[in-house]
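S.K.: Below is the file structure12.json, which contains JSON, C-alpha atoms and all ligand atoms.
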[["chain", "number", "residue", "atom", "x", "y", "z"],
["A", 4, "MET", "CA", -21.88, 2.07, -8.86],
["A", 5, "ARG", "CA", -24.66, -0.41, -7.87],
["A", 6, "SER", "CA", -28.26, 0.72, -8.21],
["A", 7, "ARG", "CA", -31.74, -0.82, -8.03],
["A", 8, "TRP", "CA", -35.33, 0.32, -8.48],
["A", 9, "ILE", "CA", -37.72, -0.01, -5.56],
["A", 10, "GLY", "CA", -41.08, 1.09, -6.97],
["A", 11, "SER", "CA", -40.57, 4.62, -8.33],
["A", 12, "ALA", "CA", -37.39, 5.15, -6.25],
["A", 13, "LEU", "CA", -33.87, 4.53, -7.52],
["A", 14, "VAL", "CA", -31.46, 3.43, -4.78],
["A", 15, "VAL", "CA", -27.74, 3.92, -5.47],
["A", 16, "ASP", "CA", -24.93, 2.50, -3.31],
["A", 17, "ALA", "CA", -21.88, 4.78, -3.22],
["A", 18, "PRO", "CA", -18.69, 2.93, -2.11],
["A", 19, "ALA", "CA", -15.72, 4.35, -0.20],
["A", 20, "LYS", "CA", -12.09, 4.34, -1.39],
["A", 21, "LEU", "CA", -8.70, 3.79, 0.16],
["A", 22, "ASN", "CA", -5.38, 5.04, -1.26],
["A", 23, "LEU", "CA", -2.80, 2.25, -1.33],
["A", 24, "SER", "CA", -0.24, 4.75, -2.56],
["A", 25, "LEU", "CA", -0.40, 8.50, -2.99],
["A", 26, "SER", "CA", 2.46, 10.42, -4.51],
["A", 27, "VAL", "CA", 2.42, 14.22, -4.78],
["A", 28, "LEU", "CA", 4.38, 15.12, -7.92],
["A", 29, "GLY", "CA", 4.29, 18.93, -7.67],
["A", 30, "ARG", "CA", 2.21, 22.07, -7.35],
["A", 31, "ARG", "CA", 0.27, 23.23, -10.40],
["A", 32, "PRO", "CA", -0.39, 26.80, -11.54],
["A", 33, "ASP", "CA", -4.10, 26.38, -10.60],
["A", 34, "GLY", "CA", -3.11, 25.80, -6.93],
["A", 35, "TYR", "CA", -3.90, 22.08, -6.97],
["A", 36, "HIS", "CA", -1.24, 19.41, -6.69],
["A", 37, "GLU", "CA", -0.40, 16.89, -9.39],
["A", 38, "LEU", "CA", -0.91, 13.37, -7.99],
["A", 39, "GLU", "CA", -0.30, 9.77, -8.83],
["A", 40, "THR", "CA", -2.34, 7.47, -6.63],
["A", 41, "VAL", "CA", -3.40, 3.82, -6.56],
["A", 42, "MET", "CA", -6.94, 3.56, -5.20],
["A", 43, "VAL", "CA", -9.26, 0.69, -4.36],
["A", 44, "SER", "CA", -13.06, 0.82, -3.98],
["A", 45, "VAL", "CA", -14.14, -0.70, -0.69],
["A", 46, "GLY", "CA", -17.47, -2.16, 0.32],
["A", 47, "LEU", "CA", -18.52, 0.47, 2.82],
["A", 48, "TYR", "CA", -21.40, 2.43, 1.31],
["A", 49, "ASP", "CA", -23.42, 5.62, 1.53],
["A", 50, "THR", "CA", -26.87, 5.23, -0.01],
["A", 51, "LEU", "CA", -28.56, 7.80, -2.24],
["A", 52, "VAL", "CA", -32.33, 7.35, -2.70],
["A", 53, "ILE", "CA", -33.81, 9.28, -5.63],
["A", 54, "GLU", "CA", -37.56, 9.85, -5.94],
["A", 55, "PRO", "CA", -39.80, 11.87, -8.25],
["A", 56, "HIS", "CA", -40.53, 15.52, -7.47],
["A", 57, "ASP", "CA", -41.78, 18.64, -9.26],
["A", 58, "ASP", "CA", -39.14, 20.63, -11.16],
["A", 59, "ARG", "CA", -36.99, 21.27, -8.05],
["A", 60, "LEU", "CA", -34.03, 19.46, -6.53],
["A", 61, "GLU", "CA", -34.15, 18.64, -2.84],
["A", 62, "LEU", "CA", -31.76, 16.76, -0.57],
["A", 63, "THR", "CA", -31.91, 15.56, 3.01],
["A", 64, "CYS", "CA", -29.00, 13.89, 4.83],
["A", 65, "GLU", "CA", -29.16, 11.33, 7.62],
["A", 66, "GLY", "CA", -26.91, 8.87, 9.43],
["A", 67, "GLU", "CA", -23.29, 9.80, 10.14],
["A", 68, "SER", "CA", -23.73, 13.18, 8.47],
["A", 69, "GLY", "CA", -23.67, 15.27, 11.67],
["A", 70, "THR", "CA", -24.14, 18.79, 10.42],
["A", 71, "LEU", "CA", -23.83, 18.03, 6.69],
["A", 72, "PRO", "CA", -26.22, 20.47, 5.00],
["A", 73, "GLY", "CA", -28.54, 19.36, 2.18],
["A", 74, "ASP", "CA", -28.34, 22.80, 0.55],
["A", 75, "ASP", "CA", -26.61, 23.95, -2.64],
["A", 76, "SER", "CA", -23.16, 23.65, -1.00],
["A", 77, "ASN", "CA", -23.57, 19.86, -0.83],
["A", 78, "LEU", "CA", -21.63, 18.12, -3.61],
["A", 79, "VAL", "CA", -24.67, 15.91, -4.36],
["A", 80, "MET", "CA", -26.78, 19.02, -5.02],
["A", 81, "ARG", "CA", -24.01, 20.57, -7.12],
["A", 82, "ALA", "CA", -23.73, 17.36, -9.18],
["A", 83, "ALA", "CA", -27.52, 17.16, -9.62],
["A", 84, "ALA", "CA", -27.78, 20.83, -10.64],
["A", 85, "LEU", "CA", -24.90, 20.50, -13.12],
["A", 86, "LEU", "CA", -26.45, 17.43, -14.76],
["A", 87, "LYS", "CA", -29.91, 19.05, -14.84],
["A", 88, "SER", "CA", -28.63, 22.21, -16.53],
["A", 89, "THR", "CA", -26.22, 20.43, -18.89],
["A", 90, "ALA", "CA", -28.88, 18.00, -20.13],
["A", 91, "GLY", "CA", -31.69, 20.61, -20.04],
["A", 92, "VAL", "CA", -33.85, 18.49, -17.73],
["A", 93, "LYS", "CA", -37.24, 19.96, -16.74],
["A", 94, "HIS", "CA", -37.98, 17.44, -13.93],
["A", 95, "GLY", "CA", -36.60, 17.64, -10.44],
["A", 96, "ALA", "CA", -35.87, 14.94, -7.88],
["A", 97, "VAL", "CA", -36.07, 14.54, -4.15],
["A", 98, "MET", "CA", -32.96, 12.80, -2.79],
["A", 99, "ARG", "CA", -32.17, 11.23, 0.56],
["A", 100, "LEU", "CA", -28.51, 10.61, 1.41],
["A", 101, "ILE", "CA", -27.82, 8.03, 4.10],
["A", 102, "LYS", "CA", -24.22, 8.52, 5.29],
["A", 103, "ARG", "CA", -22.15, 5.62, 6.58],
["A", 104, "ILE", "CA", -18.74, 6.55, 5.17],
["A", 105, "PRO", "CA", -17.03, 8.76, 7.76],
["A", 106, "MET", "CA", -16.53, 12.37, 6.70],
["A", 107, "GLN", "CA", -13.19, 14.25, 6.57],
["A", 108, "ALA", "CA", -11.64, 10.79, 6.59],
["A", 109, "GLY", "CA", -9.89, 10.58, 3.20],
["A", 110, "MET", "CA", -12.31, 7.85, 2.14],
["A", 111, "GLY", "CA", -13.93, 9.77, -0.72],
["A", 112, "GLY", "CA", -17.46, 9.77, 0.75],
["A", 113, "GLY", "CA", -18.46, 13.17, -0.64],
["A", 114, "SER", "CA", -16.97, 12.40, -4.07],
["A", 115, "SER", "CA", -18.68, 9.01, -4.19],
["A", 116, "ASP", "CA", -22.03, 10.61, -3.26],
["A", 117, "ALA", "CA", -21.59, 13.12, -6.10],
["A", 118, "ALA", "CA", -20.80, 10.31, -8.55],
["A", 119, "ALA", "CA", -23.90, 8.46, -7.28],
["A", 120, "ALA", "CA", -25.96, 11.58, -8.07],
["A", 121, "LEU", "CA", -24.55, 11.78, -11.62],
["A", 122, "VAL", "CA", -24.96, 8.06, -12.38],
["A", 123, "GLY", "CA", -28.27, 7.77, -10.51],
["A", 124, "LEU", "CA", -29.96, 10.83, -12.01],
["A", 125, "ASN", "CA", -28.70, 9.89, -15.50],
["A", 126, "ALA", "CA", -30.71, 6.67, -15.10],
["A", 127, "PHE", "CA", -33.59, 8.24, -13.13],
["A", 128, "TRP", "CA", -34.22, 10.93, -15.77],
["A", 129, "ASP", "CA", -33.49, 8.40, -18.55],
["A", 130, "LEU", "CA", -30.87, 10.74, -20.08],
["A", 131, "ARG", "CA", -28.71, 7.92, -21.48],
["A", 132, "LEU", "CA", -25.50, 9.97, -21.23],
["A", 133, "SER", "CA", -22.48, 7.75, -21.83],
["A", 134, "SER", "CA", -19.65, 7.38, -19.33],
["A", 135, "SER", "CA", -17.47, 9.59, -21.56],
["A", 136, "GLU", "CA", -20.15, 12.33, -21.37],
["A", 137, "LEU", "CA", -20.39, 12.08, -17.56],
["A", 138, "HIS", "CA", -16.61, 12.19, -16.94],
["A", 139, "PRO", "CA", -16.14, 15.89, -17.86],
["A", 140, "LEU", "CA", -18.98, 16.82, -15.48],
["A", 141, "ALA", "CA", -17.32, 14.79, -12.69],
["A", 142, "ALA", "CA", -13.96, 16.49, -13.35],
["A", 143, "GLN", "CA", -15.62, 19.93, -13.05],
["A", 144, "LEU", "CA", -17.04, 19.06, -9.62],
["A", 145, "GLY", "CA", -13.99, 17.72, -7.75],
["A", 146, "SER", "CA", -10.94, 15.52, -7.64],
["A", 147, "ASP", "CA", -12.02, 11.91, -6.92],
["A", 148, "ILE", "CA", -15.47, 11.85, -8.54],
["A", 149, "ASN", "CA", -14.19, 10.39, -11.82],
["A", 150, "PHE", "CA", -12.87, 7.33, -10.00],
["A", 151, "PHE", "CA", -16.29, 6.66, -8.50],
["A", 152, "LEU", "CA", -18.23, 7.04, -11.78],
["A", 153, "ASP", "CA", -17.06, 3.56, -12.75],
["A", 154, "SER", "CA", -15.77, 2.49, -9.28],
["A", 155, "PRO", "CA", -13.18, 0.02, -10.58],
["A", 156, "PRO", "CA", -11.90, -2.34, -7.84],
["A", 157, "LEU", "CA", -8.43, -0.82, -8.39],
["A", 158, "ALA", "CA", -7.08, 2.05, -10.49],
["A", 159, "ILE", "CA", -4.11, 4.37, -10.93],
["A", 160, "CYS", "CA", -5.39, 7.96, -10.88],
["A", 161, "ARG", "CA", -3.38, 10.92, -12.11],
["A", 162, "GLY", "CA", -3.74, 14.67, -12.55],
["A", 163, "ARG", "CA", -5.84, 16.03, -9.69],
["A", 164, "GLY", "CA", -7.14, 12.45, -9.45],
["A", 165, "GLU", "CA", -9.52, 12.78, -12.40],
["A", 166, "VAL", "CA", -7.52, 10.72, -14.94],
["A", 167, "VAL", "CA", -8.49, 7.16, -14.05],
["A", 168, "GLU", "CA", -6.79, 4.06, -15.40],
["A", 169, "PRO", "CA", -8.47, 0.85, -14.08],
["A", 170, "GLN", "CA", -6.11, -2.01, -13.26],
["A", 171, "PRO", "CA", -6.68, -5.69, -12.52],
["A", 172, "LEU", "CA", -6.93, -6.92, -8.93],
["A", 173, "ALA", "CA", -6.45, -10.69, -8.78],
["A", 174, "CYS", "CA", -7.62, -11.23, -5.19],
["A", 175, "PRO", "CA", -9.94, -9.49, -2.74],
["A", 176, "LEU", "CA", -8.19, -7.35, -0.14],
["A", 177, "TRP", "CA", -9.46, -7.19, 3.45],
["A", 178, "PHE", "CA", -9.02, -4.06, 5.54],
["A", 179, "VAL", "CA", -9.62, -2.89, 9.06],
["A", 180, "ILE", "CA", -10.31, 0.85, 8.89],
["A", 181, "ALA", "CA", -10.41, 3.23, 11.84],
["A", 182, "LYS", "CA", -10.88, 6.97, 12.17],
["A", 183, "PRO", "CA", -9.84, 9.28, 15.00],
["A", 184, "ASP", "CA", -12.60, 11.44, 16.48],
["A", 185, "ARG", "CA", -11.30, 14.47, 14.62],
["A", 186, "GLY", "CA", -11.31, 14.74, 10.81],
["A", 187, "LEU", "CA", -8.83, 16.72, 8.73],
["A", 188, "SER", "CA", -9.33, 19.35, 6.05],
["A", 189, "THR", "CA", -7.69, 18.38, 2.74],
["A", 190, "ALA", "CA", -6.65, 21.98, 2.08],
["A", 191, "ALA", "CA", -4.93, 22.21, 5.51],
["A", 192, "VAL", "CA", -2.99, 18.99, 4.88],
["A", 193, "PHE", "CA", -1.76, 20.19, 1.48],
["A", 194, "ARG", "CA", -0.68, 23.50, 3.08],
["A", 195, "GLN", "CA", 1.41, 21.56, 5.62],
["A", 196, "LEU", "CA", 3.09, 19.44, 2.93],
["A", 197, "ASP", "CA", 6.83, 19.73, 2.17],
["A", 198, "LEU", "CA", 7.25, 18.86, -1.52],
["A", 199, "ALA", "CA", 10.89, 17.89, -0.91],
["A", 200, "ASP", "CA", 9.58, 14.76, 0.90],
["A", 201, "CYS", "CA", 7.29, 13.69, -1.94],
["A", 202, "GLY", "CA", 7.02, 11.72, -5.15],
["A", 203, "ARG", "CA", 8.81, 8.48, -4.42],
["A", 204, "ALA", "CA", 5.94, 5.93, -4.42],
["A", 205, "ASP", "CA", 6.17, 3.08, -6.91],
["A", 206, "SER", "CA", 2.63, 2.80, -8.31],
["A", 207, "ARG", "CA", 3.71, 0.30, -10.95],
["A", 208, "ALA", "CA", 5.04, -2.12, -8.32],
["A", 209, "ILE", "CA", 1.72, -1.99, -6.39],
["A", 210, "VAL", "CA", -0.27, -2.55, -9.55],
["A", 211, "ASP", "CA", 1.95, -5.54, -10.44],
["A", 212, "ALA", "CA", 1.47, -7.01, -6.95],
["A", 213, "ALA", "CA", -2.31, -6.52, -7.31],
["A", 214, "ALA", "CA", -2.31, -8.25, -10.69],
["A", 215, "GLN", "CA", -0.46, -11.18, -9.09],
["A", 216, "GLY", "CA", -2.89, -11.28, -6.14],
["A", 217, "HIS", "CA", -0.33, -10.71, -3.34],
["A", 218, "PRO", "CA", -1.90, -8.83, -0.37],
["A", 219, "GLY", "CA", 1.33, -9.07, 1.67],
["A", 220, "LEU", "CA", 3.40, -7.63, -1.16],
["A", 221, "ILE", "CA", 0.85, -4.84, -1.74],
["A", 222, "ALA", "CA", 1.00, -3.98, 1.96],
["A", 223, "ASN", "CA", 4.81, -3.77, 1.85],
["A", 224, "LEU", "CA", 4.52, -1.18, -0.92],
["A", 225, "LEU", "CA", 1.98, 1.10, 0.82],
["A", 226, "SER", "CA", 2.98, 4.77, 0.82],
["A", 227, "ASN", "CA", 1.27, 8.12, 1.21],
["A", 228, "ASP", "CA", 3.01, 11.49, 0.92],
["A", 229, "LEU", "CA", 0.17, 13.15, 2.86],
["A", 230, "GLN", "CA", 0.69, 10.96, 5.93],
["A", 231, "ARG", "CA", 3.56, 12.98, 7.39],
["A", 232, "PRO", "CA", 1.80, 16.41, 7.20],
["A", 233, "SER", "CA", -1.42, 14.85, 8.51],
["A", 234, "ARG", "CA", 0.43, 13.32, 11.47],
["A", 235, "GLU", "CA", 1.95, 16.73, 12.18],
["A", 236, "LEU", "CA", -1.56, 18.23, 12.29],
["A", 237, "SER", "CA", -3.17, 15.41, 14.25],
["A", 238, "PRO", "CA", -1.36, 13.36, 16.93],
["A", 239, "GLU", "CA", -4.42, 11.05, 16.98],
["A", 240, "ILE", "CA", -3.34, 9.75, 13.57],
["A", 241, "SER", "CA", 0.08, 8.71, 14.89],
["A", 242, "ASP", "CA", -1.60, 7.05, 17.86],
["A", 243, "LEU", "CA", -4.01, 5.14, 15.61],
["A", 244, "LEU", "CA", -1.23, 4.05, 13.23],
["A", 245, "ASP", "CA", 0.79, 2.79, 16.22],
["A", 246, "ARG", "CA", -2.22, 0.79, 17.41],
["A", 247, "LEU", "CA", -2.77, -0.72, 13.94],
["A", 248, "GLN", "CA", 0.95, -1.55, 13.52],
["A", 249, "ALA", "CA", 0.86, -3.39, 16.86],
["A", 250, "MET", "CA", -1.83, -5.82, 15.59],
["A", 251, "SER", "CA", -1.10, -8.88, 13.54],
["A", 252, "LEU", "CA", -1.84, -7.24, 10.20],
["A", 253, "PHE", "CA", 0.41, -6.91, 7.17],
["A", 254, "ARG", "CA", 0.89, -3.13, 7.49],
["A", 255, "ALA", "CA", -1.05, 0.07, 8.14],
["A", 256, "GLN", "CA", -1.31, 3.49, 6.52],
["A", 257, "MET", "CA", -3.44, 6.62, 6.41],
["A", 258, "THR", "CA", -5.78, 7.02, 3.42],
["A", 259, "GLY", "CA", -5.93, 10.19, 1.26],
["A", 260, "SER", "CA", -5.47, 13.32, 3.35],
["A", 261, "GLY", "CA", -6.77, 11.45, 6.44],
["A", 262, "SER", "CA", -7.80, 11.18, 9.06],
["A", 263, "ALA", "CA", -8.86, 7.50, 8.61],
["A", 264, "CYS", "CA", -6.15, 4.83, 8.68],
["A", 265, "PHE", "CA", -6.30, 1.23, 7.54],
["A", 266, "GLY", "CA", -4.45, -2.02, 8.02],
["A", 267, "VAL", "CA", -4.23, -4.68, 5.30],
["A", 268, "ALA", "CA", -5.29, -8.09, 6.63],
["A", 269, "ALA", "CA", -4.55, -11.55, 5.29],
["A", 270, "HIS", "CA", -8.24, -12.51, 5.53],
["A", 271, "ARG", "CA", -11.60, -11.48, 6.99],
["A", 272, "GLU", "CA", -11.01, -13.11, 10.39],
["A", 273, "GLN", "CA", -7.74, -11.22, 10.91],
["A", 274, "ALA", "CA", -9.45, -7.92, 10.04],
["A", 275, "THR", "CA", -12.38, -8.72, 12.37],
["A", 276, "ARG", "CA", -10.03, -9.61, 15.25],
["A", 277, "ALA", "CA", -8.10, -6.35, 14.82],
["A", 278, "ALA", "CA", -11.38, -4.37, 14.68],
["A", 279, "ARG", "CA", -12.55, -6.00, 17.93],
["A", 280, "ARG", "CA", -9.28, -5.12, 19.69],
["A", 281, "LEU", "CA", -9.41, -1.51, 18.49],
["A", 282, "LYS", "CA", -12.96, -1.19, 19.85],
["A", 283, "GLN", "CA", -11.83, -2.69, 23.17],
["A", 284, "GLN", "CA", -9.11, -0.01, 23.24],
["A", 285, "GLY", "CA", -11.81, 2.67, 22.95],
["A", 286, "VAL", "CA", -11.54, 3.55, 19.23],
["A", 287, "LYS", "CA", -15.14, 4.38, 18.24],
["A", 288, "ASP", "CA", -15.16, 4.48, 14.42],
["A", 289, "VAL", "CA", -13.93, 1.06, 13.29],
["A", 290, "PHE", "CA", -14.94, -0.81, 10.13],
["A", 291, "VAL", "CA", -14.07, -4.07, 8.43],
["A", 292, "ALA", "CA", -14.35, -3.87, 4.65],
["A", 293, "ARG", "CA", -13.08, -5.66, 1.58],
["A", 294, "THR", "CA", -12.45, -4.41, -1.92],
["A", 295, "ALA", "CA", -15.74, -3.81, -3.71],
["A", 296, "VAL", "CA", -16.65, -6.15, -6.56],
["B", 1, "LIG", "O1", -10.62, 18.32, -4.26],
["B", 1, "LIG", "P1", -11.04, 19.10, -3.09],
["B", 1, "LIG", "O2", -11.82, 20.34, -3.45],
["B", 1, "LIG", "O3", -11.68, 18.30, -2.01],
["B", 1, "LIG", "O4", -9.68, 19.64, -2.43],
["B", 1, "LIG", "C1", -9.67, 20.52, -1.33],
["B", 1, "LIG", "C2", -8.38, 21.33, -1.36],
["B", 1, "LIG", "O5", -7.24, 20.48, -1.22],
["B", 1, "LIG", "C3", -8.14, 22.11, -2.62],
["B", 1, "LIG", "O6", -8.78, 23.37, -2.59],
["B", 1, "LIG", "C4", -6.61, 22.24, -2.63],
["B", 1, "LIG", "O7", -6.23, 23.27, -1.74],
["B", 1, "LIG", "C5", -6.16, 20.93, -2.03],
["B", 1, "LIG", "N1", -5.84, 19.93, -3.07],
["B", 1, "LIG", "C6", -4.65, 20.05, -3.76],
["B", 1, "LIG", "N2", -4.33, 19.14, -4.74],
["B", 1, "LIG", "C7", -5.17, 18.11, -5.01],
["B", 1, "LIG", "C8", -6.38, 17.96, -4.31],
["B", 1, "LIG", "C9", -6.68, 18.89, -3.33],
["B", 1, "LIG", "O8", -3.87, 20.98, -3.53],
["B", 1, "LIG", "N3", -4.83, 17.23, -5.96]]
Can the structure in the file be given as structure tokens, please?
M.R.:
Amino acid sequence: MRSRWIGSALVVDAPAKLNLSLSVLGRRPDGYHELETVMVSVGLYDTLVIEPHDDRLELTCEGESGTLPGDDSNLVMRAAALLKSTAGVKHGAVMRLIKRIPMQAGMGGGSSDAAAALVGLNAFWDLRLSSSELHPLAAQLGSDINFFLDSPPLAICRGRGEVVEPQPLACPLWFVIAKPDRGLSTAAVFRQLDLADCGRADSRAIVDAAAQGHPGLIANLLSNDLQRPSRELSPEISDLLDRLQAMSLFRAQMTGSGSACFGVAAHREQATRAARRLKQQGVKDVFVARTAV
């Protein structure tokens, strides 16, 4: 998680993620599903600006946030309140969240923002909590937040997503990412899932291809058990995947529980060309991004 001081404000950049593979291994007694997923951090960022305040926490949201409330239901506020109470902090903070990562897209925007609040406020309040002290707080708040605490370029994540094992990535990966107008609810996608279709992704093979620096090989190994239920819920996803597959890209897939989809490109120019064509075809939310460093 990158951060910098500008006067008395701390500015934190919260990256997005893409799932190269996502395997659902089964349903757990707590209602969540056990996952094994290979994730990359990508250089498309929300920004969290933290400034001094009295003893209260305040949040405003701008940018792509639409109707995202800055109240206590916002994951950033929940992360800030949890850190404040856990560490017994008397100060408050006023936070401004500038959204660029599309929401309900499977790109981890909300989780990354929450991780930015934990990492940012730890520095802002000079708490000096170690990464191993922040991880349990992240795990309490949601599924992907642990990944973003350290934002490794690539990791295998297990459990609900909270057990993160960073892995080497020998080359940058370039992506064209596009999102249909409509987002999808994670809970709805899991409800639509048929477990009989799940659990066949080969995470180890993807990680090996990443360690060797083979974007084409990585693309051949893409898989996501949530893609089929998401396509059933949203025909726009099938349409977008068809459009991506028709471009000269290695391969395309949906990320997380959708609704954003991505194609793996051989290089920046190929990703940029595909993005231009998608825009010409009328797709509004299109991004070119590479793995974050
Ligand atoms: O993690 P998050 O709260 O965003 O997940 C939303 C919903 O998606 C959960 O309430 C659960 O129904 C479902 N989910 C799941 N297994 C996971 C992650 C999410 O069943 N590993």
S.K.: Distance table requested - chain A against ligand LIG 1 (chain B), cut-off 12 Å, all atoms listed in the file: one row per qualifying residue with the closest atom pair and its distance in Å to one decimal, ordered by chain and rising residue number, as a tab-separated table.
M.R.:
residue	atom	partner	partner_atom	distance
A:Leu25	CA	B:LIG1	N3	10.2
A:Ser26	CA	B:LIG1	N3	10.1
A:Val27	CA	B:LIG1	N3	7.9
A:Leu28	CA	B:LIG1	N3	9.6
A:Gly29	CA	B:LIG1	N2	9.1
A:Arg30	CA	B:LIG1	O8	7.3
A:Arg31	CA	B:LIG1	O8	8.3
A:Pro32	CA	B:LIG1	O8	10.5
A:Asp33	CA	B:LIG1	O8	8.9
A:Gly34	CA	B:LIG1	O8	5.9
A:Tyr35	CA	B:LIG1	O8	3.6
A:His36	CA	B:LIG1	N2	3.7
A:Glu37	CA	B:LIG1	N3	5.6
A:Leu38	CA	B:LIG1	N3	5.9
A:Glu39	CA	B:LIG1	N3	9.2
A:Thr40	CA	B:LIG1	N3	10.1
A:Leu78	CA	B:LIG1	O2	10.1
A:Met106	CA	B:LIG1	O3	11.6
A:Gln107	CA	B:LIG1	O3	9.6
A:Ala108	CA	B:LIG1	O3	11.4
A:Gly109	CA	B:LIG1	O3	9.5
A:Met110	CA	B:LIG1	O3	11.3
A:Gly111	CA	B:LIG1	O3	8.9
A:Gly112	CA	B:LIG1	O3	10.7
A:Gly113	CA	B:LIG1	O3	8.6
A:Ser114	CA	B:LIG1	O3	8.2
A:Ser115	CA	B:LIG1	O3	11.8
A:Ala117	CA	B:LIG1	O3	11.9
A:Ala141	CA	B:LIG1	O1	11.3
A:Ala142	CA	B:LIG1	O1	9.9
A:Gln143	CA	B:LIG1	O1	10.2
A:Leu144	CA	B:LIG1	O2	8.2
A:Gly145	CA	B:LIG1	O1	4.9
A:Ser146	CA	B:LIG1	O1	4.4
A:Asp147	CA	B:LIG1	O1	7.1
A:Ile148	CA	B:LIG1	O1	9.1
A:Asn149	CA	B:LIG1	O1	11.5
A:Cys160	CA	B:LIG1	N3	10.5
A:Arg161	CA	B:LIG1	N3	8.9
A:Gly162	CA	B:LIG1	N3	7.2
A:Arg163	CA	B:LIG1	N3	4.0
A:Gly164	CA	B:LIG1	N3	6.4
A:Glu165	CA	B:LIG1	N3	9.1
A:Val166	CA	B:LIG1	N3	11.4
A:Leu187	CA	B:LIG1	O5	10.8
A:Ser188	CA	B:LIG1	C1	7.5
A:Thr189	CA	B:LIG1	O5	4.5
A:Ala190	CA	B:LIG1	O5	3.7
A:Ala191	CA	B:LIG1	O5	7.3
A:Val192	CA	B:LIG1	O5	7.6
A:Phe193	CA	B:LIG1	O8	5.5
A:Arg194	CA	B:LIG1	O7	7.4
A:Gln195	CA	B:LIG1	O8	10.6
A:Leu196	CA	B:LIG1	O8	9.6
A:Leu198	CA	B:LIG1	O8	11.5
A:Asp228	CA	B:LIG1	N3	11.9
A:Leu229	CA	B:LIG1	N2	10.7
A:Gly259	CA	B:LIG1	C8	9.6
A:Ser260	CA	B:LIG1	O5	8.7
A:Gly261	CA	B:LIG1	O5	11.9
S.K.: Do you know which residues are at most 12 Å from segment 5-7 of chain A counting only C-alpha atoms, after dropping those on the same chain fewer than 2 positions away, and could you put them as a count of residues only?
M.R.: 34
S.K.: Considering all atoms listed in the file, return as a ChimeraX atom specification whatever protein or nucleic-acid residues lie within 6 Å of Gly266 of chain A, sequence-local ones (same chain, fewer than 5 positions apart) excluded.
M.R.: /A:178-179,254-255
S.K.: So, with all atoms listed in the file as the atoms that count, which of A:Arg103, A:Ser44, A:His94, A:Cys264 lies closest to Gly66 of chain A?
M.R.: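 Closest to Gly66 of chain A of all the choices is A:Arg103.
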S.K.: Have a look at A:Ala213, A:Asn77, A:Glu65, A:Pro72 and name the one nearest to Ile101 of chain A; count only C-alpha atoms.
M.R.: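 That would be A:Glu65, the residue with the smallest distance to Ile101 of chain A.
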S.K.: As an exercise, work out the distance from atom CA of Phe150 of chain A to atom CA of Val286 of chain A in Å and give it to one decimal place.
M.R.: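 It comes out at 29.5 Å.
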S.K.: So the first atom is atom CA of Leu172 of chain A and the second is atom CA of Ala214 of chain A; what is the distance between them in Å, to one decimal place?
M.R.: 5.1 Å
S.K.: Between atom CA of Arg99 of chain A and atom CA of Val43 of chain A, what distance in Å does the model show, to one decimal?
M.R.: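 Value for the atom CA of Arg99 of chain A-atom CA of Val43 of chain A distance: 25.7 Å.
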